[in-house]
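As structure tokens, the structure follows; a few thoughts come after it.
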Amino acid sequence: MNELIASADGLAPAFELLLAVLAGAALGAIFFGGLWWTTRRATASSRPALWFFGSLLLRTGVALAGFLAVADGHWERMLACLLGFVAARTIVIRMTRLPPGGAWSSRGAEHAP
């Protein structure tokens with residue numbers, strides 16, 4: 001077992017997958033953080049459709065290019081990158097959620113659960 005851990009062949013694939021997860025998390029933070037930023041900007045704009053469409057093209061292009069660069073033809077890296085991407089989605093959603101008593105909770109407080 002120690003030989004496996006000490007060898008470069010045993011450690012390199014695990015390190016590559018860890019880097020792929022971290023890269024996926026960074027791509028997810030850019031993608032979903034950009035969506036949050038766009039939503040805040042577009043609602044105050046006179047041309048929100050342009051904001052959303054431009055943001056969609058830019059965020060999708062960055063994410064796809066990042067996924068392809070990380071994967072480099074290896075499905076394992078692609079899967080690890082996707083795992084980091086989804087984890088970043090969860091983190092960004094939690095970080096950008098309004099606090100209790102925020103603007104959304106006071107509207108429609110009368111509706112059924």
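Following the order of the structure tokens, first chain is A, next is B, and so on, with residues numbered from 1 inside each chain and ligands from 1 in the order they appear.
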Could you give me, as JSON lines, a per-residue list for stretch 67-96 of chain A showing, wherever an atom lies at most 9 Å from an atom of stretch 22-32 of chain A, the closest pair of atoms and their distance in Å to one decimal, using only C-alpha atoms and sorting by chain then residue number from low to high?
{"residue": "A:Phe67", "atom": "CA", "partner": "A:Gly24", "partner_atom": "CA", "distance": 7.4}
{"residue": "A:Val70", "atom": "CA", "partner": "A:Ala23", "partner_atom": "CA", "distance": 7.4}
{"residue": "A:Met78", "atom": "CA", "partner": "A:Gly24", "partner_atom": "CA", "distance": 8.7}
{"residue": "A:Ala80", "atom": "CA", "partner": "A:Gly24", "partner_atom": "CA", "distance": 7.4}
{"residue": "A:Cys81", "atom": "CA", "partner": "A:Gly24", "partner_atom": "CA", "distance": 4.1}
{"residue": "A:Leu82", "atom": "CA", "partner": "A:Gly24", "partner_atom": "CA", "distance": 5.9}
{"residue": "A:Leu83", "atom": "CA", "partner": "A:Gly24", "partner_atom": "CA", "distance": 6.9}
{"residue": "A:Gly84", "atom": "CA", "partner": "A:Ala25", "partner_atom": "CA", "distance": 4.2}
{"residue": "A:Phe85", "atom": "CA", "partner": "A:Gly28", "partner_atom": "CA", "distance": 4.3}
{"residue": "A:Val86", "atom": "CA", "partner": "A:Gly28", "partner_atom": "CA", "distance": 6.8}
{"residue": "A:Ala87", "atom": "CA", "partner": "A:Ala25", "partner_atom": "CA", "distance": 6.6}
{"residue": "A:Ala88", "atom": "CA", "partner": "A:Ala25", "partner_atom": "CA", "distance": 5.0}
{"residue": "A:Arg89", "atom": "CA", "partner": "A:Gly28", "partner_atom": "CA", "distance": 6.0}
{"residue": "A:Ile91", "atom": "CA", "partner": "A:Ala29", "partner_atom": "CA", "distance": 8.3}
{"residue": "A:Val92", "atom": "CA", "partner": "A:Phe32", "partner_atom": "CA", "distance": 6.6}
{"residue": "A:Ile93", "atom": "CA", "partner": "A:Phe32", "partner_atom": "CA", "distance": 8.2}
Here is a test: counting only C-alpha atoms, which residue of A:Thr90, A:Phe53, A:Pro100, A:Ala71 is nearest to A:Val21?
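For A:Val21, the nearest of the given residues is A:Ala71.
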